[in-house]
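To be precise, the following lines are run_1.txt, and they hold compact mmCIF, C-alpha atoms.
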# COMPACT_ATOMS: atom_id res chain seq x y z
CA MET O 1 25.75 20.67 54.66
CA ASN O 2 25.84 23.88 52.66
CA GLN O 3 25.37 24.30 48.93
CA ILE O 4 29.09 24.42 48.15
CA GLU O 5 29.72 21.18 50.03
CA LYS O 6 26.78 19.49 48.32
CA VAL O 7 28.08 20.10 44.83
CA GLY O 8 31.73 19.56 45.73
CA LEU O 9 32.74 22.91 44.24
CA ASP O 10 34.64 25.79 45.77
CA HIS O 11 33.13 29.27 45.73
CA PHE O 12 30.07 28.31 43.69
CA GLU O 13 26.83 30.21 44.15
CA TRP O 14 23.94 30.42 41.71
CA PRO O 15 23.41 34.08 40.77
CA GLY O 16 20.13 35.97 41.11
CA GLU O 17 17.28 35.97 43.55
CA GLY O 18 13.68 34.86 43.47
CA GLU O 19 11.98 31.60 42.64
CA ASN O 20 12.75 31.63 38.88
CA VAL O 21 16.11 31.39 37.17
CA ASN O 22 16.90 34.42 35.07
CA ARG O 23 20.70 34.24 35.39
CA VAL O 24 22.82 31.20 34.47
CA PRO O 25 26.48 30.98 35.55
CA GLY O 26 29.08 30.03 32.96
CA ARG O 27 30.45 27.34 35.26
CA VAL O 28 27.57 24.94 34.58
CA PHE O 29 28.74 24.67 30.98
CA TYR O 30 32.29 23.47 31.61
CA ASP O 31 32.70 22.15 35.15
CA ASP O 32 33.64 18.45 35.34
CA GLU O 33 32.08 17.94 38.76
CA ILE O 34 28.75 19.42 37.70
CA TYR O 35 28.78 17.21 34.61
CA ARG O 36 29.50 14.15 36.76
CA GLN O 37 26.60 14.94 39.07
CA GLU O 38 24.27 15.43 36.11
CA GLN O 39 24.72 11.76 35.27
CA GLU O 40 23.14 10.74 38.57
CA LYS O 41 20.75 13.58 39.32
CA ILE O 42 19.46 14.30 35.83
CA PHE O 43 19.90 11.38 33.44
CA ARG O 44 19.55 8.70 36.13
CA GLY O 45 17.16 10.79 38.19
CA GLU O 46 13.37 11.05 38.22
CA VAL O 47 13.00 11.68 34.50
CA TRP O 48 11.94 9.84 31.36
CA ASN O 49 14.65 9.80 28.68
CA PHE O 50 13.73 9.43 25.01
CA VAL O 51 15.53 6.50 23.33
CA GLY O 52 13.70 5.68 20.10
CA LEU O 53 10.56 4.91 18.16
CA GLU O 54 8.64 1.65 18.22
CA VAL O 55 8.87 1.40 14.46
CA GLU O 56 12.67 1.07 14.87
CA ILE O 57 12.23 -2.14 16.86
CA ALA O 58 9.05 -3.44 15.27
CA ASN O 59 9.95 -7.15 15.18
CA LYS O 60 11.23 -9.72 17.64
CA GLY O 61 14.99 -9.34 17.99
CA ASP O 62 15.14 -5.83 16.49
CA TYR O 63 17.51 -3.67 18.52
CA LYS O 64 19.27 -0.33 18.58
CA THR O 65 22.02 1.02 20.80
CA VAL O 66 21.76 4.45 22.35
CA TYR O 67 23.27 6.56 25.12
CA VAL O 68 21.48 8.30 27.96
CA GLY O 69 24.05 10.71 29.32
CA ASP O 70 27.25 8.70 29.52
CA THR O 71 25.47 5.38 29.91
CA PRO O 72 25.34 2.99 26.91
CA LEU O 73 22.02 1.17 26.49
CA VAL O 74 20.47 -1.55 24.33
CA LEU O 75 16.81 -1.14 23.33
CA VAL O 76 15.34 -4.39 21.99
CA ARG O 77 12.06 -6.09 21.12
CA GLY O 78 11.95 -9.31 23.15
CA ASP O 79 10.68 -12.84 22.62
CA ASP O 80 7.43 -11.86 24.28
CA GLY O 81 6.91 -8.82 22.07
CA GLU O 82 7.71 -6.55 25.00
CA MET O 83 10.30 -3.79 24.80
CA HIS O 84 13.39 -4.16 26.94
CA CYS O 85 16.16 -1.72 27.70
CA TRP O 86 19.31 -2.61 29.62
CA ILE O 87 22.74 -1.15 30.19
CA ASN O 88 25.09 -2.17 27.40
CA ARG O 89 27.74 -3.50 29.74
CA CYS O 90 28.86 -7.08 30.31
CA GLY O 91 28.44 -8.42 33.83
CA HIS O 92 31.91 -9.95 33.65
CA ARG O 93 34.51 -7.28 32.88
CA ASN O 94 32.26 -4.33 31.98
CA ALA O 95 32.92 -4.44 28.25
CA ILE O 96 30.35 -3.11 25.79
CA ILE O 97 28.26 -6.08 24.67
CA VAL O 98 26.56 -4.75 21.52
CA ASN O 99 28.77 -2.65 19.27
CA ASP O 100 26.45 -2.19 16.28
CA ASN O 101 24.09 0.78 16.00
CA CYS O 102 21.12 -1.44 15.17
CA GLY O 103 20.15 -4.83 13.79
CA ASN O 104 18.27 -8.03 14.54
CA ALA O 105 19.48 -10.86 16.76
CA ASP O 106 18.16 -13.74 18.84
CA SER O 107 20.86 -13.26 21.50
CA PHE O 108 23.95 -11.17 22.26
CA TYR O 109 27.51 -12.16 23.10
CA CYS O 110 30.29 -10.12 24.63
CA VAL O 111 33.24 -10.37 22.28
CA TYR O 112 35.73 -10.36 25.15
CA HIS O 113 34.85 -13.63 26.92
CA GLN O 114 31.68 -14.68 25.08
CA TRP O 115 29.24 -14.30 27.95
CA GLY O 116 25.84 -14.70 26.28
CA TYR O 117 22.71 -12.65 26.94
CA GLY O 118 19.06 -13.04 26.00
CA LEU O 119 16.98 -10.31 24.38
CA ASP O 120 15.77 -9.22 27.81
CA GLY O 121 19.36 -8.83 29.00
CA SER O 122 19.39 -11.93 31.18
CA LEU O 123 22.68 -13.81 31.34
CA GLN O 124 22.15 -17.07 29.45
CA SER O 125 25.59 -18.65 29.15
CA VAL O 126 29.11 -18.47 30.58
CA PRO O 127 31.83 -20.39 28.70
CA PHE O 128 33.90 -22.67 30.93
CA LYS O 129 31.47 -22.09 33.77
CA LYS O 130 32.22 -25.60 35.08
CA GLY O 131 35.82 -25.54 33.96
CA LEU O 132 37.63 -27.69 31.41
CA GLY O 133 38.86 -31.21 31.96
CA GLY O 134 37.92 -31.05 35.60
CA LYS O 135 39.94 -27.91 36.18
CA GLY O 136 38.92 -24.36 36.92
CA GLY O 137 35.41 -22.98 36.48
CA MET O 138 33.42 -20.40 38.36
CA SER O 139 33.12 -20.60 42.14
CA ALA O 140 30.45 -22.86 43.61
CA ASP O 141 28.38 -19.90 44.84
CA PHE O 142 28.35 -18.13 41.42
CA ASP O 143 24.71 -17.18 40.74
CA GLN O 144 24.29 -16.52 37.04
CA SER O 145 21.01 -14.65 37.54
CA GLN O 146 22.80 -11.97 39.56
CA HIS O 147 25.17 -10.98 36.78
CA ARG O 148 22.92 -9.51 34.15
CA PRO O 149 23.08 -5.85 33.01
CA ARG O 150 20.79 -3.52 34.88
CA ALA O 151 17.33 -3.26 33.29
CA LEU O 152 15.55 0.09 32.98
CA ARG O 153 11.87 0.94 33.06
CA VAL O 154 10.42 1.24 29.56
CA GLU O 155 7.23 3.03 28.52
CA SER O 156 5.91 4.14 25.16
CA TYR O 157 3.58 6.99 24.28
CA CYS O 158 2.17 7.23 20.76
CA GLY O 159 4.95 4.89 19.64
CA VAL O 160 7.69 7.08 21.16
CA ILE O 161 9.85 5.11 23.61
CA PHE O 162 11.21 6.47 26.88
CA VAL O 163 13.24 4.80 29.62
CA SER O 164 13.96 5.67 33.23
CA PHE O 165 16.50 4.58 35.81
CA SER O 166 14.08 5.67 38.53
CA SER O 167 11.46 3.54 40.24
CA GLU O 168 9.86 6.71 41.64
CA VAL O 169 9.27 8.78 38.50
CA GLU O 170 5.61 9.38 37.67
CA PRO O 171 3.92 7.52 34.78
CA LEU O 172 5.10 8.71 31.38
CA GLU O 173 1.89 10.39 30.22
CA ASP O 174 1.71 12.36 33.47
CA TYR O 175 5.38 13.31 33.09
CA LEU O 176 4.78 14.65 29.57
CA GLY O 177 1.96 16.91 30.68
CA PRO O 178 -1.32 17.67 28.88
CA THR O 179 -0.10 19.96 26.08
CA VAL O 180 2.90 17.87 25.04
CA ALA O 181 0.74 14.74 25.17
CA LYS O 182 -1.93 16.39 23.00
CA PHE O 183 0.54 17.51 20.35
CA MET O 184 2.32 14.16 20.33
CA GLN O 185 -1.07 12.57 19.64
CA ARG O 186 -1.52 15.11 16.85
CA ILE O 187 1.78 14.26 15.16
CA PHE O 188 1.73 10.50 15.79
CA ASN O 189 -1.85 10.15 14.65
CA ARG O 190 -1.21 7.04 12.52
CA PRO O 191 1.62 4.57 11.73
CA ILE O 192 4.90 6.16 10.67
CA LYS O 193 7.92 5.16 8.59
CA ILE O 194 11.54 6.26 8.96
CA LEU O 195 12.87 8.44 6.13
CA GLY O 196 16.45 8.97 7.28
CA ARG O 197 18.82 10.10 9.99
CA HIS O 198 21.36 12.84 10.60
CA HIS O 199 23.98 13.09 13.34
CA GLN O 200 25.56 16.41 14.27
CA HIS O 201 28.41 16.87 16.74
CA MET O 202 28.94 20.26 18.35
CA LYS O 203 31.72 21.49 20.61
CA GLY O 204 29.40 22.80 23.26
CA ASN O 205 27.65 21.75 26.45
CA TRP O 206 24.45 19.72 26.05
CA LYS O 207 22.47 22.32 28.01
CA LEU O 208 23.26 24.99 25.44
CA TYR O 209 21.51 22.81 22.90
CA ALA O 210 18.65 22.04 25.30
CA GLU O 211 18.11 25.81 25.63
CA ASN O 212 18.14 26.37 21.88
CA PRO O 213 14.78 24.88 20.77
CA ARG O 214 13.12 26.42 23.83
CA ASP O 215 14.31 29.84 22.71
CA GLY O 216 11.90 31.42 20.22
CA TYR O 217 13.73 34.72 20.73
CA HIS O 218 16.69 33.64 18.61
CA ALA O 219 14.67 31.86 15.91
CA SER O 220 13.52 34.98 14.05
CA LEU O 221 16.90 36.71 14.47
CA LEU O 222 19.61 34.08 13.93
CA HIS O 223 17.84 32.19 11.16
CA LEU O 224 17.84 34.38 8.06
CA PHE O 225 15.98 31.73 6.06
CA PHE O 226 13.23 31.45 8.66
CA ALA O 227 12.51 35.16 8.70
CA THR O 228 13.02 35.81 4.98
CA PHE O 229 10.61 33.14 3.79
CA GLY O 230 8.13 33.44 6.65
CA LEU O 231 8.61 30.02 8.21
CA PHE O 232 8.95 31.61 11.63
CA ARG O 233 8.92 35.17 12.90
CA ALA O 234 8.20 36.38 16.41
CA SER O 235 5.42 38.54 14.97
CA GLN O 236 3.44 35.50 13.82
CA GLU O 237 0.40 34.26 15.69
CA GLY O 238 1.17 31.32 17.93
CA ARG O 239 1.31 30.02 21.47
CA ILE O 240 3.90 28.86 24.00
CA HIS O 241 3.09 26.38 26.77
CA VAL O 242 5.44 25.57 29.67
CA GLU O 243 4.38 22.75 32.00
CA LYS O 244 5.56 20.30 34.66
CA GLU O 245 7.61 22.84 36.65
CA GLY O 246 9.39 23.92 33.48
CA LYS O 247 10.39 20.49 32.21
CA GLN O 248 8.15 20.38 29.16
CA THR O 249 7.59 22.98 26.48
CA CYS O 250 5.42 23.18 23.39
CA PHE O 251 5.16 26.11 21.02
CA TYR O 252 3.47 26.43 17.66
CA THR O 253 2.56 28.95 14.98
CA PHE O 254 -0.38 29.36 12.61
CA ALA O 255 0.23 29.54 8.87
CA GLY O 256 -0.49 32.90 7.25
CA LYS O 257 -1.35 34.71 10.49
CA GLU O 258 0.95 37.57 11.44
CA ASP O 259 0.68 40.87 13.24
CA GLN O 260 1.66 43.27 10.43
CA GLN O 261 2.53 46.13 12.79
CA ALA O 262 4.77 43.85 14.82
CA LYS O 263 6.31 42.52 11.59
CA LYS O 264 7.08 46.09 10.47
CA GLN O 265 8.71 46.81 13.84
CA GLY O 266 10.73 43.62 13.54
CA MET O 267 11.95 44.59 10.09
CA GLU O 268 13.06 47.96 11.45
CA GLU O 269 14.83 46.58 14.51
CA ALA O 270 16.38 43.51 12.87
CA GLY O 271 16.51 44.47 9.22
CA HIS O 272 19.59 42.36 8.56
CA THR O 273 17.50 39.28 9.36
CA TYR O 274 14.11 40.29 7.92
CA GLN O 275 15.04 40.16 4.23
CA GLU O 276 11.61 39.40 2.77
CA GLY O 277 11.65 40.10 -0.97
CA THR O 278 15.44 40.48 -1.08
CA TYR O 279 16.37 36.85 -1.65
CA GLN O 280 14.77 34.21 -3.84
CA LEU O 281 15.37 30.49 -4.16
CA GLU O 282 16.53 29.09 -7.48
CA ASP O 283 14.31 26.11 -6.78
CA MET O 284 11.16 27.35 -5.05
CA SER O 285 9.81 23.80 -4.82
CA LEU O 286 11.77 23.52 -1.56
CA LEU O 287 9.01 25.57 0.01
CA LYS O 288 6.20 23.75 -1.73
CA GLY O 289 4.11 21.98 0.85
CA LYS O 290 0.64 21.00 1.87
CA MET O 291 -1.34 21.52 5.05
CA GLU O 292 -1.75 18.09 6.62
CA TRP O 293 -3.78 19.15 9.66
CA ASP O 294 -7.00 21.08 9.87
CA ASP O 295 -5.83 23.31 12.73
CA GLY O 296 -3.78 25.65 10.50
CA ILE O 297 -0.57 25.01 12.49
CA ASN O 298 2.54 24.88 10.32
CA LEU O 299 5.29 24.76 12.96
CA VAL O 300 5.45 22.82 16.22
CA ILE O 301 8.40 22.40 18.59
CA ILE O 302 8.08 20.10 21.60
CA ASP O 303 10.79 19.74 24.24
CA VAL O 304 10.76 16.91 26.76
CA PHE O 305 13.26 17.27 29.62
CA PRO O 306 16.08 16.44 29.51
CA ILE O 307 17.11 15.21 26.04
CA MET O 308 14.29 15.16 23.48
CA MET O 309 12.92 17.52 20.86
CA LEU O 310 10.06 16.79 18.44
CA GLN O 311 9.51 19.14 15.51
CA GLN O 312 7.17 19.79 12.62
CA ILE O 313 8.26 22.44 10.12
CA ALA O 314 5.73 22.49 7.27
CA ASN O 315 5.88 18.82 6.14
CA VAL O 316 9.19 17.93 7.81
CA LEU O 317 8.75 15.67 10.83
CA ASN O 318 11.70 14.83 13.02
CA ILE O 319 12.58 13.79 16.54
CA ARG O 320 15.93 14.47 18.17
CA GLN O 321 17.94 13.10 21.05
CA PHE O 322 20.88 14.94 22.64
CA GLN O 323 23.92 12.87 23.65
CA PRO O 324 26.45 14.70 25.84
CA HIS O 325 30.18 14.04 25.51
CA GLY O 326 31.69 15.51 28.62
CA PRO O 327 31.10 19.12 29.63
CA ASP O 328 31.97 20.59 26.22
CA GLY O 329 30.57 18.27 23.57
CA VAL O 330 27.15 17.12 22.38
CA THR O 331 25.87 15.01 19.48
CA VAL O 332 22.34 15.59 18.23
CA HIS O 333 20.73 12.55 16.61
CA TYR O 334 17.94 13.43 14.16
CA THR O 335 15.38 10.85 13.02
CA PHE O 336 13.18 11.97 10.13
CA PHE O 337 9.87 10.27 9.51
CA GLY O 338 6.67 10.36 7.51
CA TYR O 339 3.50 8.33 7.57
CA ALA O 340 3.24 4.75 6.38
CA ASP O 341 0.41 5.67 4.00
CA ASP O 342 2.26 8.61 2.39
CA ASP O 343 2.39 8.44 -1.40
CA ALA O 344 5.53 8.97 -3.49
CA GLU O 345 4.77 12.67 -4.01
CA LEU O 346 4.52 13.38 -0.28
CA ASP O 347 7.65 11.31 0.43
CA ALA O 348 9.56 13.43 -2.09
CA MET O 349 8.17 16.63 -0.57
CA ARG O 350 9.31 15.66 2.91
CA LEU O 351 12.75 14.58 1.71
CA LYS O 352 13.30 17.88 -0.10
CA GLN O 353 12.17 19.92 2.91
CA ILE O 354 14.63 18.00 5.12
CA ASN O 355 17.21 20.35 3.57
CA LEU O 356 15.88 22.98 5.97
CA ILE O 357 17.28 21.26 9.04
CA GLY O 358 20.13 19.01 10.15
CA PRO O 359 23.87 19.72 10.21
CA ALA O 360 23.84 21.61 6.87
CA GLY O 361 20.21 22.69 6.94
CA LEU O 362 19.22 26.07 5.56
CA VAL O 363 17.68 26.85 8.95
CA SER O 364 19.42 24.88 11.66
CA MET O 365 23.04 24.94 10.56
CA GLU O 366 23.27 28.24 12.41
CA ASP O 367 22.31 26.52 15.67
CA GLY O 368 25.51 24.47 15.60
CA LEU O 369 27.54 27.64 15.16
CA ALA O 370 25.61 29.43 17.92
CA ILE O 371 26.24 26.59 20.38
CA GLU O 372 29.97 26.63 19.71
CA ILE O 373 30.45 30.40 19.84
CA ALA O 374 28.52 30.48 23.13
CA GLN O 375 30.75 27.74 24.56
CA ASN O 376 33.85 29.55 23.34
CA GLY O 377 32.58 32.84 24.73
CA ILE O 378 32.18 31.38 28.19
CA ALA O 379 35.83 30.26 27.97
CA ARG O 380 35.84 28.71 31.44
CA ASP O 381 34.68 31.99 32.97
CA ALA O 382 32.40 31.35 35.95
CA ASP O 383 31.38 35.01 35.99
CA ALA O 384 29.96 34.87 32.45
CA ASN O 385 26.35 34.90 33.63
CA ALA O 386 23.69 34.56 30.95
CA VAL O 387 20.71 36.95 31.13
CA ILE O 388 17.35 35.28 30.45
CA GLU O 389 14.77 38.05 30.82
CA MET O 390 13.04 38.42 27.45
CA GLY O 391 9.34 38.38 28.29
CA GLY O 392 10.00 38.96 31.99
CA THR O 393 11.58 37.02 34.82
CA ASP O 394 8.75 34.64 35.64
CA VAL O 395 7.77 31.41 33.89
CA ALA O 396 4.46 31.97 32.13
CA GLU O 397 2.57 28.71 31.67
CA GLU O 398 1.10 30.12 28.47
CA SER O 399 2.12 33.04 26.28
CA ASP O 400 1.29 34.41 22.84
CA PHE O 401 4.60 36.29 22.55
CA LEU O 402 6.84 33.89 20.62
CA GLY O 403 10.00 35.67 21.75
CA ASP O 404 9.30 34.91 25.42
CA GLU O 405 12.19 33.18 27.20
CA SER O 406 9.85 31.55 29.74
CA PRO O 407 10.65 28.07 28.33
CA VAL O 408 14.38 28.65 28.90
CA ARG O 409 13.76 29.88 32.44
CA GLY O 410 11.53 26.85 32.95
CA PHE O 411 14.32 24.52 31.84
CA TRP O 412 16.72 26.06 34.33
CA ASN O 413 14.12 25.92 37.10
CA ALA O 414 13.76 22.19 36.53
CA TYR O 415 17.52 21.70 36.20
CA THR O 416 18.50 23.57 39.35
CA ASP O 417 15.77 21.86 41.37
CA MET O 418 16.95 18.42 40.31
CA MET O 419 20.59 19.28 40.82
CA GLY O 420 20.02 20.95 44.20
CA LEU O 421 21.91 24.03 43.05
CA ARG O 422 19.61 26.71 44.44

Same coordinates, now as structure tokens:
Amino acid sequence: MNQIEKVGLDHFEWPGEGENVNRVPGRVFYDDEIYRQEQEKIFRGEVWNFVGLEVEIANKGDYKTVYVGDTPLVLVRGDDGEMHCWINRCGHRNAIIVNDNCGNADSFYCVYHQWGYGLDGSLQSVPFKKGLGGKGGMSADFDQSQHRPRALRVESYCGVIFVSFSSEVEPLEDYLGPTVAKFMQRIFNRPIKILGRHHQHMKGNWKLYAENPRDGYHASLLHLFFATFGLFRASQEGRIHVEKEGKQTCFYTFAGKEDQQAKKQGMEEAGHTYQEGTYQLEDMSLLKGKMEWDDGINLVIIDVFPIMMLQQIANVLNIRQFQPHGPDGVTVHYTFFGYADDDAELDAMRLKQINLIGPAGLVSMEDGLAIEIAQNGIARDADANAVIEMGGTDVAEESDFLGDESPVRGFWNAYTDMMGLR
């Protein structure tokens, strides 16, 4: 069977040569068949998908609903204190069982025919199972235990919950890789509390958003606020790590450390973005912060394939999940958090700095625009190949050039391997 037959597409060939992806065809961002296969090969494949934080389901019966790809799920703390995750679909007529975003319950009932489920997803009750008045009822060979929603594997790392459809995927900590695991330990170093949530819908393919936080190249060019106030510039001192065959990425910068010659070059080549000294904030307290770690790192971005991003910008802490809506739509769910022992002053500092990111954030509002103009630019044109060669064509496992597109190439290496497209 050749490649075209495997993907069920006519005249589809991945561009470029060599072992690393440095060209990406426009077709992967709009093709219905590719999107359909992603559901099985990516989201239901040998990956761990982020679904929530343990603090969100701290008590027995606490639950939240979430999507992994197109699949609706329920994440719940069970009677035994264990975490359970099961497909949010009734075993009777496939209706959604739990329609709320979150809550607390001792059981769940499908509104359609009132089939009842336990916290672990097991089918507990079927109305009229034995009929009424000696009439009707389920067939004699109906086995109630065989009609529960499918349960997923659940693992937690540092209080961050992941699920997998696969029985073959490696243990979660191994999947994360050493650098991501280390920085997750750094951020989740003590109990946390939720500060708020944002939800942002974009008219673009989910992979365009997955590329975005891996792309340090755009961050000091697109984001005027970043560059103007020194939150991130490619000339700053930092590191990029790409691990697990490109699946996982971590990059970080050090506060107050910048190559002045490189900064000067950046100001000359991208002067419309580097506006240091040109603009001032009416309320400079937005940038007031405190160093909470002794390593001098003021920005961290972690990407876990396929749908998670964890970020520290100054004192803002947030974790994101990407929810695709067909080939040309994605919703990004932001969860902002602080530490349980934060005082009122630090809470207020974090809440003010949250204005940097989210749908209307002073930094990340441009990302939503960038995703949509990229999707519109592709305009169903399979020949609209993206060029991903900043920093070379290989995937460097570690780099100190923050504009390196190695993390993006790494993402596409992992994606094409899992999809069987090269």

Would you kindly return, as a PyMOL selection string, each protein, DNA or RNA residue with an atom no farther than 9 Å from any atom of stretch 299-311 of chain O, considering all atoms listed in the file and excluding same-chain residues fewer than 3 positions away? chain O and resi 42-43+47-51+68-69+176+180+183-184+206-207+210+213-214+231-232+246-255+314+316-323+411+414-415

Take the residues that were just selected and, keeping C-alpha atoms, output them as a PDB file, in the frame of the given file.
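Output contents, as saved in again.pdb:
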ATOM      1  CA  ILE O  42      19.460  14.300  35.830  1.00  0.00           C
ATOM      2  CA  PHE O  43      19.900  11.380  33.440  1.00  0.00           C
ATOM      3  CA  VAL O  47      13.000  11.680  34.500  1.00  0.00           C
ATOM      4  CA  TRP O  48      11.940   9.840  31.360  1.00  0.00           C
ATOM      5  CA  ASN O  49      14.650   9.800  28.680  1.00  0.00           C
ATOM      6  CA  PHE O  50      13.730   9.430  25.010  1.00  0.00           C
ATOM      7  CA  VAL O  51      15.530   6.500  23.330  1.00  0.00           C
ATOM      8  CA  VAL O  68      21.480   8.300  27.960  1.00  0.00           C
ATOM      9  CA  GLY O  69      24.050  10.710  29.320  1.00  0.00           C
ATOM     10  CA  LEU O 176       4.780  14.650  29.570  1.00  0.00           C
ATOM     11  CA  VAL O 180       2.900  17.870  25.040  1.00  0.00           C
ATOM     12  CA  PHE O 183       0.540  17.510  20.350  1.00  0.00           C
ATOM     13  CA  MET O 184       2.320  14.160  20.330  1.00  0.00           C
ATOM     14  CA  TRP O 206      24.450  19.720  26.050  1.00  0.00           C
ATOM     15  CA  LYS O 207      22.470  22.320  28.010  1.00  0.00           C
ATOM     16  CA  ALA O 210      18.650  22.040  25.300  1.00  0.00           C
ATOM     17  CA  PRO O 213      14.780  24.880  20.770  1.00  0.00           C
ATOM     18  CA  ARG O 214      13.120  26.420  23.830  1.00  0.00           C
ATOM     19  CA  LEU O 231       8.610  30.020   8.210  1.00  0.00           C
ATOM     20  CA  PHE O 232       8.950  31.610  11.630  1.00  0.00           C
ATOM     21  CA  GLY O 246       9.390  23.920  33.480  1.00  0.00           C
ATOM     22  CA  LYS O 247      10.390  20.490  32.210  1.00  0.00           C
ATOM     23  CA  GLN O 248       8.150  20.380  29.160  1.00  0.00           C
ATOM     24  CA  THR O 249       7.590  22.980  26.480  1.00  0.00           C
ATOM     25  CA  CYS O 250       5.420  23.180  23.390  1.00  0.00           C
ATOM     26  CA  PHE O 251       5.160  26.110  21.020  1.00  0.00           C
ATOM     27  CA  TYR O 252       3.470  26.430  17.660  1.00  0.00           C
ATOM     28  CA  THR O 253       2.560  28.950  14.980  1.00  0.00           C
ATOM     29  CA  PHE O 254      -0.380  29.360  12.610  1.00  0.00           C
ATOM     30  CA  ALA O 255       0.230  29.540   8.870  1.00  0.00           C
ATOM     31  CA  ALA O 314       5.730  22.490   7.270  1.00  0.00           C
ATOM     32  CA  VAL O 316       9.190  17.930   7.810  1.00  0.00           C
ATOM     33  CA  LEU O 317       8.750  15.670  10.830  1.00  0.00           C
ATOM     34  CA  ASN O 318      11.700  14.830  13.020  1.00  0.00           C
ATOM     35  CA  ILE O 319      12.580  13.790  16.540  1.00  0.00           C
ATOM     36  CA  ARG O 320      15.930  14.470  18.170  1.00  0.00           C
ATOM     37  CA  GLN O 321      17.940  13.100  21.050  1.00  0.00           C
ATOM     38  CA  PHE O 322      20.880  14.940  22.640  1.00  0.00           C
ATOM     39  CA  GLN O 323      23.920  12.870  23.650  1.00  0.00           C
ATOM     40  CA  PHE O 411      14.320  24.520  31.840  1.00  0.00           C
ATOM     41  CA  ALA O 414      13.760  22.190  36.530  1.00  0.00           C
ATOM     42  CA  TYR O 415      17.520  21.700  36.200  1.00  0.00           C
TER      43      TYR O 415
END

Between atom CA of O:Leu75 and atom CA of O:Glu155, what is the distance in Å, rounded to a tenth?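 Computing it gives 11.7 Å between the two atoms.
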
Given the choices O:Phe128, O:Asp143, O:Cys102, O:Ser164, which gets closest to O:Trp86 if the distance is worked out from only C-alpha atoms? O:Ser164

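The nearest approach to O:Asp100 among the residues O:Lys64, O:Leu287, O:Gln124, O:Asp80, with all atoms listed in the file taken into account, belongs to O:Lys64.
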
Would you mind reading off the distance between atom CA of O:Gln200 and atom CA of O:Gly358, one decimal, in Å?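 Atom-to-atom, atom CA of O:Gln200 to atom CA of O:Gly358, that is 7.3 Å.
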
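Rounded to one decimal, atom CA of O:Val55 and atom CA of O:Tyr334 lie 15.1 Å from each other.
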
Near-O:Phe337 list (12 Å; only C-alpha atoms; drop same-chain fewer than 3 positions) as a ChimeraX atom specification: /O:53,55-56,187-188,190-198,310-312,315-320,334,340-342,346-347,350-351,353-354

Distance query O:Asp417 at most 12 Å, all atoms listed in the file, self and fewer than 6 positions along chain excluded, as JSON, numbers by chain: {"O": [14, 19, 20, 21, 38, 41, 42, 45, 46, 245, 246, 247, 410, 411]}

Next, the residues of the selection above should be written as a compact mmCIF listing (two decimals), in the coordinates of the input with C-alpha atoms.
# COMPACT_ATOMS: atom_id res chain seq x y z
CA TRP O 14 23.94 30.42 41.71
CA GLU O 19 11.98 31.60 42.64
CA ASN O 20 12.75 31.63 38.88
CA VAL O 21 16.11 31.39 37.17
CA GLU O 38 24.27 15.43 36.11
CA LYS O 41 20.75 13.58 39.32
CA ILE O 42 19.46 14.30 35.83
CA GLY O 45 17.16 10.79 38.19
CA GLU O 46 13.37 11.05 38.22
CA GLU O 245 7.61 22.84 36.65
CA GLY O 246 9.39 23.92 33.48
CA LYS O 247 10.39 20.49 32.21
CA GLY O 410 11.53 26.85 32.95
CA PHE O 411 14.32 24.52 31.84

Counting only C-alpha atoms, the option among O:Gln144, O:Ser122, O:Asn212, O:Thr65 closest to O:Val98: O:Thr65

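Distance check against O:Asp31 using all atoms listed in the file: of O:Leu132, O:Ala382, O:Val163, O:Val408, the minimum falls on O:Ala382.
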
The residue from O:Val154, O:Ala344, O:Ile388, O:Val76 with the smallest atom-to-atom distance to O:Gly403, counting all atoms listed in the file, is O:Ile388

For O:His325, list every protein, DNA or RNA residue within 10 Å, evaluated using all atoms listed in the file, and leave out those in the same chain fewer than 2 positions away; present the list as JSON, numbers by chain. {"O": [35, 69, 70, 201, 202, 203, 204, 205, 206, 322, 323, 327, 328, 329, 330, 331]}
